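Colleague: Contents of work-v2.txt (compact mmCIF, N, CA, C and O atoms) are given next:
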```txt
# COMPACT_ATOMS: atom_id res chain seq x y z
N GLY A 1 -8.17 31.82 15.39
CA GLY A 1 -7.31 32.16 14.46
C GLY A 1 -6.38 31.28 13.73
O GLY A 1 -5.24 31.65 13.61
N GLU A 2 -6.80 30.16 13.22
CA GLU A 2 -5.93 29.39 12.35
C GLU A 2 -6.14 29.82 10.91
O GLU A 2 -7.25 29.76 10.40
N SER A 3 -5.08 30.22 10.26
CA SER A 3 -5.16 30.63 8.86
C SER A 3 -5.57 29.43 8.01
O SER A 3 -5.07 28.33 8.19
N GLY A 4 -6.49 29.64 7.10
CA GLY A 4 -6.91 28.56 6.21
C GLY A 4 -8.00 27.68 6.78
O GLY A 4 -8.41 26.74 6.12
N ARG A 5 -8.45 27.96 7.98
CA ARG A 5 -9.52 27.17 8.58
C ARG A 5 -10.79 28.00 8.61
O ARG A 5 -10.82 29.10 9.14
N ALA A 6 -11.83 27.48 8.02
CA ALA A 6 -13.10 28.19 7.95
C ALA A 6 -13.94 27.90 9.20
O ALA A 6 -13.81 26.86 9.82
N LEU A 7 -14.80 28.85 9.52
CA LEU A 7 -15.81 28.65 10.56
C LEU A 7 -17.15 28.59 9.87
O LEU A 7 -17.54 29.51 9.15
N ARG A 8 -17.84 27.50 10.01
CA ARG A 8 -19.16 27.32 9.44
C ARG A 8 -20.17 27.21 10.56
O ARG A 8 -19.95 26.50 11.52
N VAL A 9 -21.25 27.94 10.43
CA VAL A 9 -22.34 27.86 11.40
C VAL A 9 -23.47 27.09 10.75
O VAL A 9 -23.95 27.47 9.68
N ARG A 10 -23.87 26.01 11.36
CA ARG A 10 -24.92 25.16 10.80
C ARG A 10 -26.26 25.52 11.44
O ARG A 10 -26.38 25.52 12.66
N ILE A 11 -27.23 25.80 10.59
CA ILE A 11 -28.59 26.07 11.03
C ILE A 11 -29.46 25.01 10.37
O ILE A 11 -29.51 24.94 9.14
N PRO A 12 -30.14 24.18 11.14
CA PRO A 12 -31.00 23.15 10.54
C PRO A 12 -32.05 23.78 9.63
O PRO A 12 -32.62 24.83 9.94
N ALA A 13 -32.31 23.13 8.49
CA ALA A 13 -33.25 23.66 7.50
C ALA A 13 -34.62 23.94 8.11
O ALA A 13 -35.25 24.96 7.78
N ALA A 14 -35.08 23.10 8.98
CA ALA A 14 -36.40 23.29 9.59
C ALA A 14 -36.46 24.53 10.48
O ALA A 14 -37.53 25.07 10.72
N ARG A 15 -35.32 25.01 10.96
CA ARG A 15 -35.27 26.17 11.86
C ARG A 15 -34.98 27.48 11.12
O ARG A 15 -35.05 28.55 11.70
N ARG A 16 -34.64 27.43 9.84
CA ARG A 16 -34.25 28.64 9.10
C ARG A 16 -35.29 29.75 9.10
O ARG A 16 -34.91 30.91 9.20
N PRO A 17 -36.58 29.46 9.01
CA PRO A 17 -37.56 30.55 9.06
C PRO A 17 -37.45 31.40 10.33
O PRO A 17 -37.65 32.61 10.30
N ALA A 18 -37.08 30.80 11.44
CA ALA A 18 -36.94 31.54 12.70
C ALA A 18 -35.77 32.52 12.64
O ALA A 18 -35.74 33.50 13.38
N PHE A 19 -34.81 32.29 11.75
CA PHE A 19 -33.62 33.13 11.64
C PHE A 19 -33.79 34.27 10.64
O PHE A 19 -32.94 35.14 10.54
N GLU A 20 -34.88 34.29 9.89
CA GLU A 20 -35.08 35.31 8.87
C GLU A 20 -34.99 36.75 9.38
O GLU A 20 -34.42 37.60 8.70
N PRO A 21 -35.50 37.08 10.57
CA PRO A 21 -35.36 38.47 11.05
C PRO A 21 -33.91 38.94 11.18
O PRO A 21 -33.65 40.14 11.15
N LEU A 22 -32.97 38.03 11.30
CA LEU A 22 -31.55 38.41 11.40
C LEU A 22 -30.97 38.84 10.05
O LEU A 22 -29.90 39.44 10.02
N GLU A 23 -31.65 38.52 8.96
CA GLU A 23 -31.19 38.85 7.61
C GLU A 23 -29.73 38.44 7.39
O GLU A 23 -28.91 39.22 6.91
N LEU A 24 -29.40 37.21 7.72
CA LEU A 24 -28.03 36.74 7.64
C LEU A 24 -27.46 36.82 6.23
O LEU A 24 -26.30 37.19 6.05
N ALA A 25 -28.25 36.51 5.21
CA ALA A 25 -27.75 36.55 3.83
C ALA A 25 -27.40 37.96 3.39
O ALA A 25 -26.55 38.15 2.53
N ARG A 26 -28.02 38.97 3.98
CA ARG A 26 -27.76 40.36 3.59
C ARG A 26 -26.63 41.00 4.40
O ARG A 26 -26.27 42.15 4.16
N ARG A 27 -26.09 40.33 5.36
CA ARG A 27 -25.04 40.90 6.21
C ARG A 27 -23.76 41.20 5.45
O ARG A 27 -22.93 41.97 5.92
N SER A 28 -23.57 40.64 4.27
CA SER A 28 -22.36 40.91 3.50
C SER A 28 -22.53 42.08 2.53
O SER A 28 -21.60 42.45 1.84
N LYS A 29 -23.70 42.69 2.48
CA LYS A 29 -23.96 43.82 1.60
C LYS A 29 -23.31 45.09 2.14
O LYS A 29 -23.02 45.20 3.33
N ALA A 30 -23.09 46.06 1.25
CA ALA A 30 -22.52 47.34 1.66
C ALA A 30 -23.46 48.05 2.63
O ALA A 30 -24.68 47.93 2.53
N PHE A 31 -22.88 48.76 3.56
CA PHE A 31 -23.60 49.56 4.56
C PHE A 31 -24.45 48.71 5.50
O PHE A 31 -25.50 49.14 5.97
N ARG A 32 -24.01 47.48 5.76
CA ARG A 32 -24.69 46.61 6.72
C ARG A 32 -23.66 46.18 7.75
O ARG A 32 -22.50 45.93 7.42
N GLN A 33 -24.06 46.08 8.99
CA GLN A 33 -23.19 45.55 10.03
C GLN A 33 -22.98 44.08 9.74
O GLN A 33 -23.94 43.32 9.63
N ASN A 34 -21.73 43.65 9.56
CA ASN A 34 -21.48 42.26 9.21
C ASN A 34 -20.68 41.50 10.28
O ASN A 34 -20.23 40.39 10.04
N TYR A 35 -20.52 42.10 11.44
CA TYR A 35 -19.90 41.39 12.56
C TYR A 35 -21.01 40.91 13.48
O TYR A 35 -21.91 41.66 13.85
N LEU A 36 -20.93 39.63 13.84
CA LEU A 36 -21.93 39.02 14.71
C LEU A 36 -21.24 38.30 15.86
O LEU A 36 -20.17 37.71 15.69
N TRP A 37 -21.86 38.33 17.01
CA TRP A 37 -21.47 37.48 18.13
C TRP A 37 -22.31 36.22 17.99
O TRP A 37 -23.52 36.29 17.78
N VAL A 38 -21.69 35.06 18.10
CA VAL A 38 -22.41 33.80 17.98
C VAL A 38 -22.04 32.92 19.17
O VAL A 38 -20.86 32.76 19.48
N ARG A 39 -23.06 32.38 19.81
CA ARG A 39 -22.84 31.48 20.95
C ARG A 39 -23.21 30.06 20.53
O ARG A 39 -24.18 29.85 19.83
N GLY A 40 -22.44 29.11 20.99
CA GLY A 40 -22.73 27.71 20.70
C GLY A 40 -21.51 26.86 20.99
O GLY A 40 -20.49 27.34 21.49
N LYS A 41 -21.63 25.59 20.67
CA LYS A 41 -20.53 24.65 20.90
C LYS A 41 -19.68 24.56 19.64
O LYS A 41 -20.15 24.19 18.57
N LEU A 42 -18.42 24.93 19.75
CA LEU A 42 -17.48 24.92 18.65
C LEU A 42 -16.82 23.55 18.55
O LEU A 42 -16.31 23.02 19.54
N GLU A 43 -16.85 22.98 17.36
CA GLU A 43 -16.24 21.67 17.13
C GLU A 43 -15.32 21.76 15.92
O GLU A 43 -15.60 22.49 14.98
N ARG A 44 -14.26 21.02 15.97
CA ARG A 44 -13.33 20.97 14.84
C ARG A 44 -13.71 19.80 13.95
O ARG A 44 -14.01 18.72 14.44
N ASP A 45 -13.70 20.03 12.63
CA ASP A 45 -13.93 18.94 11.70
C ASP A 45 -12.87 19.02 10.61
O ASP A 45 -11.96 19.84 10.67
N GLY A 46 -12.96 18.18 9.61
CA GLY A 46 -11.94 18.11 8.56
C GLY A 46 -11.81 19.36 7.71
O GLY A 46 -10.79 19.58 7.08
N ARG A 47 -12.84 20.21 7.69
CA ARG A 47 -12.82 21.42 6.86
C ARG A 47 -12.55 22.68 7.66
O ARG A 47 -12.50 23.77 7.11
N GLY A 48 -12.43 22.59 8.94
CA GLY A 48 -12.21 23.76 9.78
C GLY A 48 -12.95 23.63 11.08
O GLY A 48 -12.78 22.64 11.79
N TYR A 49 -13.79 24.61 11.37
CA TYR A 49 -14.56 24.60 12.61
C TYR A 49 -16.04 24.69 12.29
O TYR A 49 -16.45 25.35 11.34
N ARG A 50 -16.84 24.05 13.12
CA ARG A 50 -18.28 24.03 12.93
C ARG A 50 -18.94 24.45 14.24
O ARG A 50 -18.51 24.07 15.32
N LEU A 51 -19.99 25.25 14.10
CA LEU A 51 -20.75 25.70 15.25
C LEU A 51 -22.21 25.38 14.96
O LEU A 51 -22.76 25.86 13.98
N ALA A 52 -22.83 24.55 15.80
CA ALA A 52 -24.24 24.21 15.62
C ALA A 52 -25.08 25.26 16.35
O ALA A 52 -24.80 25.60 17.49
N CYS A 53 -26.07 25.76 15.65
CA CYS A 53 -26.92 26.80 16.23
C CYS A 53 -28.36 26.51 15.85
O CYS A 53 -28.68 26.44 14.66
N THR A 54 -29.23 26.37 16.84
CA THR A 54 -30.63 26.03 16.55
C THR A 54 -31.60 27.15 16.94
O THR A 54 -32.77 27.07 16.61
N GLU A 55 -31.12 28.19 17.61
CA GLU A 55 -31.99 29.28 18.06
C GLU A 55 -31.44 30.63 17.59
O GLU A 55 -30.23 30.86 17.67
N PRO A 56 -32.29 31.53 17.13
CA PRO A 56 -31.83 32.87 16.74
C PRO A 56 -31.15 33.61 17.88
O PRO A 56 -30.31 34.48 17.64
N SER A 57 -31.48 33.26 19.11
CA SER A 57 -30.86 33.93 20.25
C SER A 57 -29.36 33.63 20.34
O SER A 57 -28.65 34.29 21.10
N CYS A 58 -28.86 32.68 19.57
CA CYS A 58 -27.42 32.39 19.52
C CYS A 58 -26.65 33.53 18.84
O CYS A 58 -25.45 33.65 19.01
N PHE A 59 -27.35 34.33 18.03
CA PHE A 59 -26.73 35.41 17.27
C PHE A 59 -27.05 36.75 17.90
O PHE A 59 -28.16 36.99 18.35
N GLU A 60 -26.07 37.64 17.86
CA GLU A 60 -26.27 39.02 18.28
C GLU A 60 -25.44 39.90 17.34
O GLU A 60 -24.25 39.66 17.14
N VAL A 61 -26.07 40.89 16.75
CA VAL A 61 -25.34 41.82 15.88
C VAL A 61 -24.37 42.59 16.76
O VAL A 61 -24.73 43.08 17.83
N ALA A 62 -23.11 42.68 16.33
CA ALA A 62 -22.05 43.24 17.16
C ALA A 62 -22.16 44.74 17.38
O ALA A 62 -21.57 45.27 18.31
N GLY A 63 -22.89 45.43 16.56
CA GLY A 63 -23.01 46.87 16.73
C GLY A 63 -24.12 47.42 15.87
O GLY A 63 -24.79 46.68 15.16
N PRO A 64 -24.31 48.71 15.90
CA PRO A 64 -25.37 49.31 15.09
C PRO A 64 -25.02 49.24 13.60
O PRO A 64 -23.86 49.03 13.23
N GLU A 65 -26.03 49.41 12.77
CA GLU A 65 -25.77 49.50 11.33
C GLU A 65 -24.88 50.72 11.10
O GLU A 65 -24.97 51.71 11.82
N PRO A 66 -24.00 50.67 10.10
CA PRO A 66 -23.12 51.81 9.82
C PRO A 66 -23.93 53.09 9.58
O PRO A 66 -25.01 53.05 8.99
N ALA A 67 -23.40 54.21 10.05
CA ALA A 67 -24.11 55.49 9.93
C ALA A 67 -24.12 56.00 8.50
O ALA A 67 -25.06 56.65 8.09
N LEU A 68 -23.07 55.73 7.75
CA LEU A 68 -23.01 56.20 6.37
C LEU A 68 -23.61 55.16 5.46
O LEU A 68 -23.26 54.00 5.49
N GLY A 69 -24.51 55.58 4.65
CA GLY A 69 -25.14 54.70 3.68
C GLY A 69 -25.51 55.51 2.46
O GLY A 69 -25.30 56.72 2.43
N PRO A 70 -26.08 54.88 1.47
CA PRO A 70 -26.43 55.62 0.26
C PRO A 70 -27.31 56.84 0.54
O PRO A 70 -27.11 57.89 -0.04
N ALA A 71 -28.24 56.75 1.46
CA ALA A 71 -29.13 57.88 1.76
C ALA A 71 -28.41 58.95 2.60
O ALA A 71 -28.80 60.11 2.58
N ALA A 72 -27.36 58.58 3.32
CA ALA A 72 -26.69 59.51 4.22
C ALA A 72 -25.51 60.24 3.56
O ALA A 72 -24.95 61.13 4.14
N GLU A 73 -25.11 59.79 2.36
CA GLU A 73 -23.97 60.42 1.71
C GLU A 73 -24.33 61.82 1.20
O GLU A 73 -25.43 62.03 0.71
N PRO A 74 -23.42 62.76 1.32
CA PRO A 74 -23.66 64.11 0.80
C PRO A 74 -23.85 64.09 -0.71
O PRO A 74 -23.28 63.25 -1.40
N ALA A 75 -24.64 65.00 -1.22
CA ALA A 75 -24.85 65.10 -2.66
C ALA A 75 -23.53 65.33 -3.36
O ALA A 75 -22.69 66.11 -2.90
N GLY A 76 -23.30 64.65 -4.44
CA GLY A 76 -22.06 64.81 -5.21
C GLY A 76 -20.88 64.04 -4.63
O GLY A 76 -19.77 64.20 -5.11
N ALA A 77 -21.09 63.24 -3.59
CA ALA A 77 -19.99 62.47 -3.00
C ALA A 77 -19.48 61.46 -4.02
O ALA A 77 -20.25 60.87 -4.76
N ARG A 78 -18.18 61.27 -4.04
CA ARG A 78 -17.57 60.33 -4.97
C ARG A 78 -17.25 59.06 -4.25
O ARG A 78 -16.90 59.07 -3.08
N ARG A 79 -17.30 57.98 -4.97
CA ARG A 79 -16.91 56.67 -4.42
C ARG A 79 -15.65 56.21 -5.05
O ARG A 79 -15.30 56.39 -6.10
```
Would you mind giving the structure from this file in structure tokens?

Modeller:
Amino acid sequence: GESGRALRVRIPAARRPAFEPLELARRSKAFRQNYLWVRGKLERDGRGYRLACTEPSCFEVAGPEPALGPAAEPAGARR
């Protein structure tokens, strides 16, 4: 919790295909679980904190996908 310090997780480019099943780029979309548990070695650098991760097993989705989504909303529901 340091305000203004970012946490960046580095995934080597050669290993990115192995991470595709996690759909990391889509985790920020609406109706997607966007909290993840990440294991690895945390290091401080000039821009904040960095976590090196080379295996998809380092990530675990923190919970189920949200129950309410576009298909689950009642007809006529307002946003």

Colleague: Can you check which residues of chain A DSSP gives as strand (DSSP E or B) on the backbone and send them as an MDAnalysis selection string?

Modeller: chainID A and resid 6:10 36:38 41:45 48:52 59:61

Colleague: Which residue is closest to Trp37 in chain A? Choose from A:Pro17, A:Pro66, A:Pro56, A:Gly4 and count all atoms listed in the file.

Modeller: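 Selected residue with least distance to Trp37 in chain A: A:Pro56.
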
Colleague: Which value, in Å to one decimal, gives the distance between atom N of Gly40 in chain A and atom O of Ala52 in chain A?

Modeller: 5.5 Å

Colleague: Just how far from CA of Arg26 in chain A is atom N of Ala67 in chain A, in Å to one decimal?

Modeller: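 Pair atom N of Ala67 in chain A / CA of Arg26 in chain A returns 15.9 Å.
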
Colleague: Would you kindly return, as a PyMOL selection string, each protein, DNA or RNA residue with an atom no farther than 5 Å from any atom of Val38 in chain A, considering all atoms listed in the file and excluding same-chain residues fewer than 2 positions away?

Modeller: chain A and resi 36+40+58-59

Colleague: How many Å separate CA of Gly48 in chain A from CA of Arg16 in chain A?

Modeller: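 These atoms are spaced 22.6 Å apart.
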
Colleague: Please, which residues are within 7 Å of (-25.4, 21.3, 13.3) by the file's coordinates, counting all atoms listed in the file, and could they come as a PDB file with N, CA, C and O atoms, in the frame of the given file?

Modeller:
```
ATOM      1  N   VAL A   9     -21.250  27.940  10.430  1.00  0.00           N
ATOM      2  CA  VAL A   9     -22.340  27.860  11.400  1.00  0.00           C
ATOM      3  C   VAL A   9     -23.470  27.090  10.750  1.00  0.00           C
ATOM      4  O   VAL A   9     -23.950  27.470   9.680  1.00  0.00           O
ATOM      5  N   ARG A  10     -23.870  26.010  11.360  1.00  0.00           N
ATOM      6  CA  ARG A  10     -24.920  25.160  10.800  1.00  0.00           C
ATOM      7  C   ARG A  10     -26.260  25.520  11.440  1.00  0.00           C
ATOM      8  O   ARG A  10     -26.380  25.520  12.660  1.00  0.00           O
ATOM      9  N   ILE A  11     -27.230  25.800  10.590  1.00  0.00           N
ATOM     10  CA  ILE A  11     -28.590  26.070  11.030  1.00  0.00           C
ATOM     11  C   ILE A  11     -29.460  25.010  10.370  1.00  0.00           C
ATOM     12  O   ILE A  11     -29.510  24.940   9.140  1.00  0.00           O
ATOM     13  N   PRO A  12     -30.140  24.180  11.140  1.00  0.00           N
ATOM     14  CA  PRO A  12     -31.000  23.150  10.540  1.00  0.00           C
ATOM     15  C   PRO A  12     -32.050  23.780   9.630  1.00  0.00           C
ATOM     16  O   PRO A  12     -32.620  24.830   9.940  1.00  0.00           O
ATOM     17  N   LEU A  51     -19.990  25.250  14.100  1.00  0.00           N
ATOM     18  CA  LEU A  51     -20.750  25.700  15.250  1.00  0.00           C
ATOM     19  C   LEU A  51     -22.210  25.380  14.960  1.00  0.00           C
ATOM     20  O   LEU A  51     -22.760  25.860  13.980  1.00  0.00           O
ATOM     21  N   ALA A  52     -22.830  24.550  15.800  1.00  0.00           N
ATOM     22  CA  ALA A  52     -24.240  24.210  15.620  1.00  0.00           C
ATOM     23  C   ALA A  52     -25.080  25.260  16.350  1.00  0.00           C
ATOM     24  O   ALA A  52     -24.800  25.600  17.490  1.00  0.00           O
ATOM     25  N   CYS A  53     -26.070  25.760  15.650  1.00  0.00           N
ATOM     26  CA  CYS A  53     -26.920  26.800  16.230  1.00  0.00           C
ATOM     27  C   CYS A  53     -28.360  26.510  15.850  1.00  0.00           C
ATOM     28  O   CYS A  53     -28.680  26.440  14.660  1.00  0.00           O
TER      29      CYS A  53
END
```

Colleague: I'd like to know which of A:Ser28, A:Leu68, A:Ala18, A:Arg5 is closest to Thr54 in chain A, using only N, CA, C and O atoms.

Modeller: A:Ala18

Colleague: Taking all atoms of range 37-50 of chain A that the file lists and extending 3 Å past them on each side, where is the centre of the axis-aligned box and how long are its edges? Answer in Å to one decimal, as lines of an AutoDock Vina configuration file.

Modeller:
```
center_x = -17.5
center_y = 28.2
center_z = 14.2
size_x = 19.4
size_y = 26.2
size_z = 20.6
```

Colleague: Using only C-alpha atoms, which of the listed residues (A:Ser57, A:Ala62, A:Gly46, A:Glu20) sits closest to Leu7 in chain A?

Modeller: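 Of all the options, A:Gly46 lies closest to Leu7 in chain A.
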
Colleague: Let's see if you can do this: from backbone DSSP, list all helix (DSSP H, G or I) residues in range 8-66 of chain A, as a list of chain:residue names.

Modeller: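 These are the residues in question: A:Ala13, A:Ala14, A:Arg15, A:Arg16, A:Pro17, A:Ala18, A:Phe19, A:Glu20, A:Pro21, A:Leu22, A:Leu24, A:Ala25, A:Arg26, A:Arg27, A:Ser28, A:Pro56, A:Ser57, A:Cys58.
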